[in-house]
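Novice: Just one file: run-v1.pdb, with PDB, C-alpha atoms and all ligand atoms.
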ATOM      1  CA  MET V   1      17.189   4.711  47.340  1.00  0.00           C
ATOM      2  CA  LYS V   2      14.358   6.945  48.509  1.00  0.00           C
ATOM      3  CA  ILE V   3      15.111   9.409  45.727  1.00  0.00           C
ATOM      4  CA  ILE V   4      15.096   6.716  43.045  1.00  0.00           C
ATOM      5  CA  PHE V   5      11.780   5.482  44.374  1.00  0.00           C
ATOM      6  CA  LEU V   6      10.341   9.003  44.237  1.00  0.00           C
ATOM      7  CA  ILE V   7      11.637   9.583  40.711  1.00  0.00           C
ATOM      8  CA  THR V   8      10.139   6.282  39.573  1.00  0.00           C
ATOM      9  CA  LEU V   9       6.851   7.147  41.215  1.00  0.00           C
ATOM     10  CA  THR V  10       6.815  10.590  39.594  1.00  0.00           C
ATOM     11  CA  TYR V  11       7.561   9.025  36.202  1.00  0.00           C
ATOM     12  CA  ILE V  12       4.772   6.471  36.566  1.00  0.00           C
ATOM     13  CA  PHE V  13       2.354   9.161  37.709  1.00  0.00           C
ATOM     14  CA  HIS V  14       3.352  11.420  34.818  1.00  0.00           C
ATOM     15  CA  THR V  15       3.042   8.640  32.253  1.00  0.00           C
ATOM     16  CA  PHE V  16      -0.245   7.454  33.661  1.00  0.00           C
ATOM     17  CA  THR V  17      -1.777  10.909  33.912  1.00  0.00           C
ATOM     18  CA  TYR V  18      -0.614  12.274  30.596  1.00  0.00           C
ATOM     19  CA  ALA V  19      -0.595   9.277  28.272  1.00  0.00           C
ATOM     20  CA  SER V  20      -2.033  10.283  24.919  1.00  0.00           C
ATOM     21  CA  GLU V  21      -5.254   8.648  23.765  1.00  0.00           C
ATOM     22  CA  ALA V  22      -6.846   8.318  20.366  1.00  0.00           C
ATOM     23  CA  VAL V  23     -10.630   8.519  20.724  1.00  0.00           C
ATOM     24  CA  GLY V  24     -13.212   7.404  18.179  1.00  0.00           C
ATOM     25  CA  PHE V  25     -12.612   6.911  14.469  1.00  0.00           C
ATOM     26  CA  TYR V  26      -9.966   8.546  12.291  1.00  0.00           C
ATOM     27  CA  SER V  27     -12.752  10.400  10.469  1.00  0.00           C
ATOM     28  CA  SER V  28     -14.903  11.110  13.520  1.00  0.00           C
ATOM     29  CA  GLY V  29     -12.876  11.340  16.688  1.00  0.00           C
ATOM     30  CA  SER V  30     -10.740  13.324  19.076  1.00  0.00           C
ATOM     31  CA  LEU V  31      -7.390  13.220  20.808  1.00  0.00           C
ATOM     32  CA  ASP V  32      -6.545  13.394  24.513  1.00  0.00           C
ATOM     33  CA  ASN V  33      -3.179  14.512  25.925  1.00  0.00           C
ATOM     34  CA  SER V  34      -1.706  14.946  22.469  1.00  0.00           C
ATOM     35  CA  VAL V  35       2.032  15.109  21.806  1.00  0.00           C
ATOM     36  CA  SER V  36       3.356  18.068  19.778  1.00  0.00           C
ATOM     37  CA  ILE V  37       5.858  17.467  16.996  1.00  0.00           C
ATOM     38  CA  ASP V  38       7.953  20.105  18.747  1.00  0.00           C
ATOM     39  CA  ASN V  39       8.610  17.624  21.550  1.00  0.00           C
ATOM     40  CA  TYR V  40      10.098  14.897  19.352  1.00  0.00           C
ATOM     41  CA  GLN V  41      13.589  13.542  20.039  1.00  0.00           C
ATOM     42  CA  ASN V  42      15.169  14.426  16.699  1.00  0.00           C
ATOM     43  CA  PRO V  43      13.996  17.952  15.795  1.00  0.00           C
ATOM     44  CA  LYS V  44      16.874  18.500  13.358  1.00  0.00           C
ATOM     45  CA  LEU V  45      15.757  15.530  11.273  1.00  0.00           C
ATOM     46  CA  LEU V  46      12.200  16.840  10.831  1.00  0.00           C
ATOM     47  CA  ILE V  47      10.585  19.808   9.126  1.00  0.00           C
ATOM     48  CA  LYS V  48       7.021  20.705  10.006  1.00  0.00           C
ATOM     49  CA  LEU V  49       5.227  22.158   7.010  1.00  0.00           C
ATOM     50  CA  PHE V  50       2.121  24.372   7.135  1.00  0.00           C
ATOM     51  CA  ARG V  51       2.842  25.144  10.794  1.00  0.00           C
ATOM     52  CA  SER V  52       0.426  28.094  10.860  1.00  0.00           C
ATOM     53  CA  ARG V  53      -2.494  25.679  10.319  1.00  0.00           C
ATOM     54  CA  GLY V  54      -1.814  24.358  13.846  1.00  0.00           C
ATOM     55  CA  GLN V  55      -2.012  20.656  12.987  1.00  0.00           C
ATOM     56  CA  LEU V  56       1.111  19.766  14.993  1.00  0.00           C
ATOM     57  CA  TYR V  57      -0.265  17.006  17.200  1.00  0.00           C
ATOM     58  CA  GLY V  58      -0.657  13.275  17.415  1.00  0.00           C
ATOM     59  CA  THR V  59      -0.539  10.335  19.752  1.00  0.00           C
ATOM     60  CA  HIS V  60       2.684   9.292  21.450  1.00  0.00           C
ATOM     61  CA  GLU V  61       2.801   6.348  19.030  1.00  0.00           C
ATOM     62  CA  LEU V  62       2.663   8.647  15.998  1.00  0.00           C
ATOM     63  CA  GLY V  63       5.569  10.578  17.495  1.00  0.00           C
ATOM     64  CA  GLN V  64       7.574   7.386  17.897  1.00  0.00           C
ATOM     65  CA  ALA V  65       6.895   6.436  14.278  1.00  0.00           C
ATOM     66  CA  LEU V  66       7.905   9.799  12.761  1.00  0.00           C
ATOM     67  CA  ASP V  67      10.839  10.276  15.114  1.00  0.00           C
ATOM     68  CA  GLY V  68      11.988   6.716  14.449  1.00  0.00           C
ATOM     69  CA  LEU V  69      11.624   7.170  10.695  1.00  0.00           C
ATOM     70  CA  SER V  70      13.806  10.270  10.643  1.00  0.00           C
ATOM     71  CA  ALA V  71      16.501   8.607  12.772  1.00  0.00           C
ATOM     72  CA  HIS V  72      16.446   5.367  10.772  1.00  0.00           C
ATOM     73  CA  MET V  73      16.630   7.045   7.377  1.00  0.00           C
ATOM     74  CA  SER V  74      19.414   9.452   8.333  1.00  0.00           C
ATOM     75  CA  LEU V  75      21.450   6.512   9.645  1.00  0.00           C
ATOM     76  CA  LEU V  76      20.970   4.643   6.369  1.00  0.00           C
ATOM     77  CA  TYR V  77      21.580   7.741   4.225  1.00  0.00           C
ATOM     78  CA  PRO V  78      23.488  10.482   6.097  1.00  0.00           C
ATOM     79  CA  THR V  79      22.873  13.147   3.421  1.00  0.00           C
ATOM     80  CA  ILE V  80      19.131  12.512   3.141  1.00  0.00           C
ATOM     81  CA  GLU V  81      16.715  15.424   3.487  1.00  0.00           C
ATOM     82  CA  PRO V  82      14.730  15.745   6.753  1.00  0.00           C
ATOM     83  CA  VAL V  83      11.306  14.117   7.056  1.00  0.00           C
ATOM     84  CA  GLN V  84       8.850  16.793   5.932  1.00  0.00           C
ATOM     85  CA  VAL V  85       5.583  16.459   7.783  1.00  0.00           C
ATOM     86  CA  GLY V  86       2.380  18.107   6.580  1.00  0.00           C
ATOM     87  CA  ASP V  87      -0.857  18.113   8.533  1.00  0.00           C
ATOM     88  CA  MET V  88      -1.244  15.926  11.604  1.00  0.00           C
ATOM     89  CA  SER V  89      -4.098  16.576  14.079  1.00  0.00           C
ATOM     90  CA  SER V  90      -5.096  19.630  16.056  1.00  0.00           C
ATOM     91  CA  VAL V  91      -4.302  19.804  19.768  1.00  0.00           C
ATOM     92  CA  ASN V  92      -7.503  18.042  20.869  1.00  0.00           C
ATOM     93  CA  GLY V  93      -8.203  16.304  17.582  1.00  0.00           C
ATOM     94  CA  GLY V  94     -11.559  16.623  15.844  1.00  0.00           C
ATOM     95  CA  LYS V  95     -12.443  17.947  12.409  1.00  0.00           C
ATOM     96  CA  ILE V  96      -9.863  20.049  10.576  1.00  0.00           C
ATOM     97  CA  PRO V  97     -10.071  21.864   7.242  1.00  0.00           C
ATOM     98  CA  ARG V  98      -8.995  19.986   4.068  1.00  0.00           C
ATOM     99  CA  HIS V  99      -9.242  16.482   5.582  1.00  0.00           C
ATOM    100  CA  LYS V 100     -11.890  13.920   6.434  1.00  0.00           C
ATOM    101  CA  SER V 101      -9.432  11.966   8.578  1.00  0.00           C
ATOM    102  CA  HIS V 102      -6.605  13.296  10.819  1.00  0.00           C
ATOM    103  CA  GLN V 103      -9.118  13.483  13.692  1.00  0.00           C
ATOM    104  CA  ASN V 104      -7.692  11.227  16.420  1.00  0.00           C
ATOM    105  CA  GLY V 105      -3.929  11.645  16.276  1.00  0.00           C
ATOM    106  CA  LEU V 106      -3.093   8.595  14.209  1.00  0.00           C
ATOM    107  CA  ASP V 107      -2.675  10.261  10.784  1.00  0.00           C
ATOM    108  CA  ALA V 108       0.190  12.253   9.283  1.00  0.00           C
ATOM    109  CA  ASP V 109       1.053  13.443   5.773  1.00  0.00           C
ATOM    110  CA  VAL V 110       4.706  13.074   4.774  1.00  0.00           C
ATOM    111  CA  VAL V 111       6.569  14.225   1.639  1.00  0.00           C
ATOM    112  CA  TYR V 112       8.100  11.454  -0.522  1.00  0.00           C
ATOM    113  CA  TYR V 113      11.901  11.238  -0.538  1.00  0.00           C
ATOM    114  CA  ARG V 114      13.638  13.018  -3.396  1.00  0.00           C
ATOM    115  CA  ILE V 115      16.618  12.159  -5.594  1.00  0.00           C
ATOM    116  CA  ASN V 116      17.944  15.721  -5.197  1.00  0.00           C
ATOM    117  CA  GLU V 117      17.718  15.489  -1.369  1.00  0.00           C
ATOM    118  CA  LEU V 118      16.179  18.953  -1.168  1.00  0.00           C
ATOM    119  CA  ALA V 119      13.498  19.578   1.428  1.00  0.00           C
ATOM    120  CA  GLN V 120      10.755  22.053   0.701  1.00  0.00           C
ATOM    121  CA  SER V 121      10.677  25.282   2.668  1.00  0.00           C
ATOM    122  CA  PRO V 122       8.662  25.317   5.902  1.00  0.00           C
ATOM    123  CA  THR V 123       7.257  28.662   4.780  1.00  0.00           C
ATOM    124  CA  ASP V 124       5.657  27.258   1.595  1.00  0.00           C
ATOM    125  CA  SER V 125       1.898  27.363   1.985  1.00  0.00           C
ATOM    126  CA  GLU V 126       1.334  24.326  -0.262  1.00  0.00           C
ATOM    127  CA  TRP V 127       3.134  21.140  -1.315  1.00  0.00           C
ATOM    128  CA  ALA V 128       6.126  22.120  -3.470  1.00  0.00           C
ATOM    129  CA  GLU V 129       6.347  19.153  -5.835  1.00  0.00           C
ATOM    130  CA  TYR V 130       4.033  16.836  -7.726  1.00  0.00           C
ATOM    131  CA  PHE V 131       5.873  13.512  -7.956  1.00  0.00           C
ATOM    132  CA  VAL V 132       3.132  12.033 -10.148  1.00  0.00           C
ATOM    133  CA  ASN V 133       2.164  13.673 -13.430  1.00  0.00           C
ATOM    134  CA  SER V 134      -0.295  12.116 -15.898  1.00  0.00           C
ATOM    135  CA  GLY V 135      -0.057   8.858 -13.966  1.00  0.00           C
ATOM    136  CA  LYS V 136       3.756   8.697 -14.127  1.00  0.00           C
ATOM    137  CA  LEU V 137       6.383   9.264 -11.439  1.00  0.00           C
ATOM    138  CA  ASN V 138       8.749  12.154 -12.069  1.00  0.00           C
ATOM    139  CA  SER V 139      12.530  11.718 -12.140  1.00  0.00           C
ATOM    140  CA  ASN V 140      12.965  13.192  -8.663  1.00  0.00           C
ATOM    141  CA  PHE V 141      11.020  10.434  -6.870  1.00  0.00           C
ATOM    142  CA  HIS V 142      13.496   8.266  -4.943  1.00  0.00           C
ATOM    143  CA  SER V 143      12.114   4.733  -5.308  1.00  0.00           C
ATOM    144  CA  LEU V 144      14.585   2.974  -3.035  1.00  0.00           C
ATOM    145  CA  ARG V 145      14.438   5.490  -0.189  1.00  0.00           C
ATOM    146  CA  ASN V 146      10.650   5.594  -0.205  1.00  0.00           C
ATOM    147  CA  TRP V 147      10.592   1.794  -0.222  1.00  0.00           C
ATOM    148  CA  GLU V 148      13.013   1.736   2.742  1.00  0.00           C
ATOM    149  CA  ALA V 149      10.839   4.273   4.580  1.00  0.00           C
ATOM    150  CA  PHE V 150       7.663   2.222   4.055  1.00  0.00           C
ATOM    151  CA  LYS V 151       9.475  -0.941   5.150  1.00  0.00           C
ATOM    152  CA  TYR V 152      10.728   0.784   8.295  1.00  0.00           C
ATOM    153  CA  LEU V 153       7.277   2.125   9.217  1.00  0.00           C
ATOM    154  CA  VAL V 154       5.355  -1.121   8.718  1.00  0.00           C
ATOM    155  CA  GLU V 155       8.017  -3.370  10.262  1.00  0.00           C
ATOM    156  CA  ASN V 156       8.602  -1.246  13.357  1.00  0.00           C
ATOM    157  CA  HIS V 157       5.318   0.501  14.082  1.00  0.00           C
ATOM    158  CA  SER V 158       1.678  -0.406  14.276  1.00  0.00           C
ATOM    159  CA  VAL V 159       0.750   0.850  10.802  1.00  0.00           C
ATOM    160  CA  SER V 160      -2.790   0.392   9.585  1.00  0.00           C
ATOM    161  CA  ARG V 161      -2.307   1.850   6.116  1.00  0.00           C
ATOM    162  CA  ILE V 162      -0.038   4.049   4.074  1.00  0.00           C
ATOM    163  CA  LEU V 163      -2.067   5.862   1.434  1.00  0.00           C
ATOM    164  CA  VAL V 164      -0.233   6.520  -1.832  1.00  0.00           C
ATOM    165  CA  ASP V 165      -0.916   7.324  -5.471  1.00  0.00           C
ATOM    166  CA  GLY V 166      -1.390   4.370  -7.816  1.00  0.00           C
ATOM    167  CA  ALA V 167       1.882   5.196  -9.593  1.00  0.00           C
ATOM    168  CA  VAL V 168       3.729   4.922  -6.281  1.00  0.00           C
ATOM    169  CA  LYS V 169       2.147   1.570  -5.419  1.00  0.00           C
ATOM    170  CA  LYS V 170       3.101   0.252  -8.854  1.00  0.00           C
ATOM    171  CA  ASP V 171       6.671   1.447  -8.380  1.00  0.00           C
ATOM    172  CA  MET V 172       6.939  -0.150  -4.934  1.00  0.00           C
ATOM    173  CA  CYS V 173       5.666  -3.461  -6.347  1.00  0.00           C
ATOM    174  CA  ARG V 174       8.332  -3.152  -9.040  1.00  0.00           C
ATOM    175  CA  ILE V 175      11.239  -2.374  -6.702  1.00  0.00           C
ATOM    176  CA  ALA V 176      10.227  -5.106  -4.239  1.00  0.00           C
ATOM    177  CA  LYS V 177      10.186  -7.628  -7.082  1.00  0.00           C
ATOM    178  CA  GLU V 178      13.476  -6.381  -8.504  1.00  0.00           C
ATOM    179  CA  ARG V 179      15.182  -6.763  -5.131  1.00  0.00           C
ATOM    180  CA  GLY V 180      13.621 -10.162  -4.455  1.00  0.00           C
ATOM    181  CA  GLU V 181      11.746  -8.704  -1.467  1.00  0.00           C
ATOM    182  CA  SER V 182       8.120  -9.173  -2.547  1.00  0.00           C
ATOM    183  CA  ALA V 183       7.545 -12.197  -0.324  1.00  0.00           C
ATOM    184  CA  THR V 184       9.557 -10.996   2.690  1.00  0.00           C
ATOM    185  CA  TYR V 185       7.815  -7.638   2.702  1.00  0.00           C
ATOM    186  CA  GLN V 186       4.377  -8.652   1.479  1.00  0.00           C
ATOM    187  CA  GLU V 187       2.910  -7.032   4.583  1.00  0.00           C
ATOM    188  CA  VAL V 188       4.503  -3.702   3.637  1.00  0.00           C
ATOM    189  CA  LEU V 189       3.031  -3.900   0.130  1.00  0.00           C
ATOM    190  CA  ARG V 190      -0.320  -4.940   1.576  1.00  0.00           C
ATOM    191  CA  ARG V 191      -0.532  -1.785   3.694  1.00  0.00           C
ATOM    192  CA  LEU V 192       0.339   0.520   0.783  1.00  0.00           C
ATOM    193  CA  ARG V 193      -3.167   1.446  -0.340  1.00  0.00           C
ATOM    194  CA  ILE V 194      -4.005   3.354  -3.469  1.00  0.00           C
ATOM    195  CA  GLU V 195      -5.836   6.597  -2.933  1.00  0.00           C
ATOM    196  CA  ASN V 196      -5.294   8.772  -5.971  1.00  0.00           C
ATOM    197  CA  THR V 197      -5.942  12.502  -6.369  1.00  0.00           C
ATOM    198  CA  VAL V 198      -4.298  13.847  -3.205  1.00  0.00           C
ATOM    199  CA  HIS V 199      -1.279  11.569  -2.846  1.00  0.00           C
ATOM    200  CA  LYS V 200       0.814  12.832  -5.751  1.00  0.00           C
ATOM    201  CA  THR V 201       2.691  15.175  -3.439  1.00  0.00           C
ATOM    202  CA  HIS V 202       2.867  13.152  -0.213  1.00  0.00           C
ATOM    203  CA  TYR V 203       1.915   9.879   1.415  1.00  0.00           C
ATOM    204  CA  HIS V 204      -0.386   9.510   4.366  1.00  0.00           C
ATOM    205  CA  VAL V 205       0.525   7.196   7.211  1.00  0.00           C
ATOM    206  CA  ARG V 206      -2.234   5.978   9.525  1.00  0.00           C
ATOM    207  CA  LEU V 207      -1.505   3.966  12.660  1.00  0.00           C
ATOM    208  CA  LYS V 208      -3.758   1.339  14.189  1.00  0.00           C
ATOM    209  CA  CYS V 209      -5.529   2.090  17.463  1.00  0.00           C
ATOM    210  CA  PRO V 210      -2.855   2.023  20.203  1.00  0.00           C
ATOM    211  CA  SER V 211      -3.339  -0.477  23.024  1.00  0.00           C
ATOM    212  CA  GLY V 212      -3.688   2.362  25.533  1.00  0.00           C
ATOM    213  CA  SER V 213      -6.614   3.901  23.644  1.00  0.00           C
ATOM    214  CA  PRO V 214      -9.672   1.792  24.559  1.00  0.00           C
ATOM    215  CA  LYS V 215     -12.088   4.348  23.100  1.00  0.00           C
ATOM    216  CA  CYS V 216     -10.387   4.257  19.695  1.00  0.00           C
ATOM    217  CA  ARG V 217     -12.388   2.561  16.927  1.00  0.00           C
ATOM    218  CA  ALA V 218     -10.320   0.417  14.557  1.00  0.00           C
ATOM    219  CA  GLN V 219     -10.550   0.580  10.775  1.00  0.00           C
ATOM    220  CA  VAL V 220     -11.174  -2.725   9.001  1.00  0.00           C
ATOM    221  CA  GLU V 221      -7.890  -4.402   8.039  1.00  0.00           C
ATOM    222  CA  PRO V 222      -6.823  -4.257   4.379  1.00  0.00           C
ATOM    223  CA  PRO V 223      -7.357  -7.475   2.386  1.00  0.00           C
ATOM    224  CA  GLN V 224      -4.604 -10.113   2.494  1.00  0.00           C
ATOM    225  CA  GLY V 225      -1.942 -10.155  -0.201  1.00  0.00           C
ATOM    226  CA  SER V 226       0.399  -7.579  -1.665  1.00  0.00           C
ATOM    227  CA  GLY V 227      -2.179  -5.981  -3.949  1.00  0.00           C
ATOM    228  CA  CYS V 228       0.471  -5.796  -6.674  1.00  0.00           C
TER     229      CYS V 228
HETATM  230 ZN    ZN X 301      -3.599  12.924   4.995  1.00  0.00          ZN
END
I'd like the structure from this file rewritten - as structure tokens, please.

Specialist:
Amino acid sequence: MKIIFLITLTYIFHTFTYASEAVGFYSSGSLDNSVSIDNYQNPKLLIKLFRSRGQLYGTHELGQALDGLSAHMSLLYPTIEPVQVGDMSSVNGGKIPRHKSHQNGLDADVVYYRINELAQSPTDSEWAEYFVNSGKLNSNFHSLRNWEAFKYLVENHSVSRILVDGAVKKDMCRIAKERGESATYQEVLRRLRIENTVHKTHYHVRLKCPSGSPKCRAQVEPPQGSGC
């Protein structure tokens, strides 16, 4: 009994002392007690790209979202490639090269799912595949699996936005309609926001301010409706 009490107390103390916190705005902020991607539950289901850049960190909530995504998708599709994660945040957050956002542990770049189920190499120094060329999706873009991934993220985690190329948004509107899911998953479509130029190779998931991050500044919510 005494031991259980002590273990519980230690756990509470640990959680309380080391809980991660997003501070400030996604484009002007920092990150306290960050969680490294190396401490996630399902390391075999994830590949961290561009590791030498050091952007391996996020909030606990971001970890739950990426870890949960990899577990969910590999249950649905056992042969699926691992979740390939690009830049996240640096250990204490703040400004990093190449990005305006990614500053407070709520942002991560993730490669779209592929038809050929091949992950890119963790030693590549850049994104390996452009899924959008001249405004059109290539034949290796897996519409259904990306749609399932977006559904999982928005339905199960506190997602603010998922930034995608316009061709991807159009395709997700199409597949939702085709499957009769446009109304059921309007919220998923709503959070898929078009940001062209950089999102031909990957999407960018941004979480809302977690409840345990009182110093985090929320982004304005996207307008109502699917945006299709
Ligand atoms: Zn990004």

Novice: Between CA of Gly54 in chain V and CA of Ala149 in chain V, what is the distance, to one decimal in Å?

Specialist: 25.5 Å

Novice: Evaluate the PyMOL selection byres (((chain V and resi 31) around 10) and not hetatm) and record the selected residues as a list in words, following the chain and residue labels used in the document.

Specialist: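 Applied to this file, the PyMOL selection byres (((chain V and resi 31) around 10) and not hetatm) returns Ser20, Glu21, Ala22, Val23, Gly24, Gly29, Ser30, Asp32, Asn33, Ser34, Val35, Tyr57, Gly58, Thr59, Ser89, Ser90, Val91, Asn92, Gly93, Gly94, Gln103, Asn104, Gly105, Leu106, Ser213 and Cys216 of chain V.
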
Novice: Can you tell me which residues surround Glu148 in chain V at a distance of at most 12 Å, considering only C-alpha atoms, apart from same-chain residues fewer than 5 positions away, and format the answer as a PyMOL selection string?

Specialist: chain V and resi 69-70+72-77+112-113+142-143+153-156+172+175-176+179+181+185+188-189

Novice: Which residue gives the smallest distance to Cys173 in chain V among V:Ala128, V:Ile37, V:Val198, V:Cys228, with all atoms listed in the file counted?

Specialist: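 Closest to Cys173 in chain V of all the choices is V:Cys228.
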
Novice: List the neighbours of Glu195 in chain V out to 8 Å using all atoms listed in the file; skip same-chain residues closer than 5 positions along the sequence, and give me the result as a list in words.

Specialist: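 My list of contacting residues is Leu163, Val164, Asp165 and Gly166 of chain V.
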
Novice: Please identify every polymer residue within 6 Å of ligand ZN 301 (chain X), using all atoms listed in the file, and present the set as a list of chain:residue names.

Specialist: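 What falls inside 6 Å of ligand ZN 301 (chain X) is V:Ala108, V:Asp109, V:His204.
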